[in-house]
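*Asks:* Attaching a single structure in structure tokens format; questions to follow.
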Amino acid sequence: MRVGQARELIGQVVTDAVRSGFEAWFDDMDYATHPAPTPAFRAGRESAGHDASRVPEVPRARVESEVTDDEPKVFFTFKVEYGSEPIIQLSVPRTWARQVAGAGWAVVDGRPVVDVLEWDDSVTPARPTRVRTALISADYDASMHGWRAHADNRTCLVAWTSEGTASLVMPWDEPSHA
């Protein structure tokens, strides 16, 4: 996979995560019948960002990346009230283009991957067993911003089925080694 293709794929999974997060919040909070009040403070200009009576449209996320010598990470925050596209910023190691994007690991289990930290070399080709990723959260902030989303950087184990399907193990679900 080329870097541009990896960015496109990451943009799509982030967009999908925000949409599904907004939909889940809308359903869980029963906003269809009882919308949250419009926030008292409104910083942005887009009224859809403050309308809890419906799930807002989410434009396709744009992905920007830069090479870093620091810890790889994702920066993502999106507020519908500003009326612009979501932008996800990746800080990736120098090896990302070849070892992650080029090898097809830019997305694992529906989440963006900024680094592969450990590999399983017992299979060919090698596959990731621990990755640096981002969990996308989306909700409605009734105090200020309305519909918004952000990313939380995480290091996760990668579990593999016998069929070769990868899934991420959240840190709170990792087996304890007591």
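Simple scheme: letters A, B, ... for chains in structure tokens order, numbers from 1 for residues in each chain, numbers from 1 for ligands in the order shown.
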Show me, as a short mmCIF file (atom, residue, chain, number, x, y, z; two decimals) with N, CA and C atoms, in the first residue's frame, the residues that have an atom within 6 Å of region 80-96 of chain A when counting only C-alpha atoms, minus same-chain residues fewer than 5 positions from it.

*Replies:*
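Listed below is the output, around-v9.cif:
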```cif
data_model
loop_
_atom_site.label_atom_id
_atom_site.label_comp_id
_atom_site.auth_asym_id
_atom_site.auth_seq_id
_atom_site.Cartn_x
_atom_site.Cartn_y
_atom_site.Cartn_z
N GLY A 44 -18.56 28.33 18.05
CA GLY A 44 -18.52 28.18 16.60
C GLY A 44 -19.70 28.79 15.90
N ARG A 45 -19.65 28.75 14.56
CA ARG A 45 -20.70 29.38 13.76
C ARG A 45 -21.70 28.40 13.18
N GLU A 46 -21.41 27.10 13.19
CA GLU A 46 -22.25 26.10 12.53
C GLU A 46 -23.34 25.61 13.48
N GLY A 49 -23.80 21.98 14.77
CA GLY A 49 -22.94 21.52 15.84
C GLY A 49 -23.59 21.57 17.20
N PRO A 59 -18.15 15.22 7.39
CA PRO A 59 -17.39 15.18 6.15
C PRO A 59 -16.22 14.20 6.26
N ALA A 61 -12.72 12.80 6.68
CA ALA A 61 -11.58 13.32 7.43
C ALA A 61 -10.36 13.42 6.52
N ARG A 62 -9.65 14.51 6.67
CA ARG A 62 -8.38 14.69 5.96
C ARG A 62 -7.26 14.24 6.89
N VAL A 63 -6.27 13.56 6.33
CA VAL A 63 -5.15 13.04 7.13
C VAL A 63 -3.88 13.76 6.74
N GLU A 64 -3.19 14.26 7.74
CA GLU A 64 -1.88 14.87 7.56
C GLU A 64 -0.89 14.04 8.37
N SER A 65 0.33 13.90 7.86
CA SER A 65 1.32 13.15 8.62
C SER A 65 2.67 13.84 8.56
N GLU A 66 3.42 13.65 9.64
CA GLU A 66 4.77 14.17 9.70
C GLU A 66 5.65 13.13 10.38
N VAL A 67 6.89 13.12 10.00
CA VAL A 67 7.85 12.21 10.61
C VAL A 67 8.35 12.85 11.90
N THR A 68 8.44 12.05 12.94
CA THR A 68 8.89 12.54 14.23
C THR A 68 9.96 11.61 14.80
N PRO A 72 5.52 8.26 18.53
CA PRO A 72 4.47 8.37 17.51
C PRO A 72 3.11 8.58 18.19
N LYS A 73 2.28 9.39 17.54
CA LYS A 73 0.97 9.67 18.13
C LYS A 73 0.02 10.22 17.08
N VAL A 74 -1.23 10.27 17.48
CA VAL A 74 -2.30 10.85 16.67
C VAL A 74 -2.83 12.05 17.43
N PHE A 75 -3.04 13.14 16.70
CA PHE A 75 -3.74 14.27 17.29
C PHE A 75 -5.02 14.44 16.48
N VAL A 114 -0.05 4.19 14.03
CA VAL A 114 1.07 5.10 13.80
C VAL A 114 2.42 4.42 14.01
N TRP A 147 -21.71 18.74 19.29
CA TRP A 147 -21.14 17.51 18.74
C TRP A 147 -19.64 17.66 18.55
#
```

*Asks:* Please, which residues of chain A, numbered as in this document, come out strand (DSSP E or B) from DSSP, as a PyMOL selection string?

*Replies:* chain A and resi 62-67+73-79+87-92+107-108+111-120+127-141+146-160+166-169

*Asks:* Please indicate the distance in Å from CA of His145 (chain A) to CA of Leu9 (chain A), rounded to one decimal place.

*Replies:* 27.6 Å

*Asks:* Would you list, as a list in words, the residues of region 66-159 of chain A that end up in helix (DSSP H, G or I) under DSSP run on this structure's backbone?

*Replies:*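 For region 66-159 of chain A, the helix (DSSP H, G or I) set is Val80, Glu81, Tyr82, Trp96, Ala97, Arg98, Gln99, Val100 and Ala101 of chain A.
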
*Asks:* Limited to C-alpha atoms, could you put the picked residues into a file as a short mmCIF file (atom, residue, chain, number, x, y, z; two decimals), in the first residue's frame?

*Replies:*
```cif
data_model
loop_
_atom_site.label_atom_id
_atom_site.label_comp_id
_atom_site.auth_asym_id
_atom_site.auth_seq_id
_atom_site.Cartn_x
_atom_site.Cartn_y
_atom_site.Cartn_z
CA VAL A 80 -19.01 20.21 14.22
CA GLU A 81 -19.71 23.80 15.34
CA TYR A 82 -16.76 25.09 13.29
CA TRP A 96 6.15 4.17 9.04
CA ALA A 97 5.95 4.49 5.25
CA ARG A 98 7.72 1.16 4.69
CA GLN A 99 6.97 -0.98 7.76
CA VAL A 100 3.42 0.17 8.51
CA ALA A 101 1.76 1.77 5.48
#
```
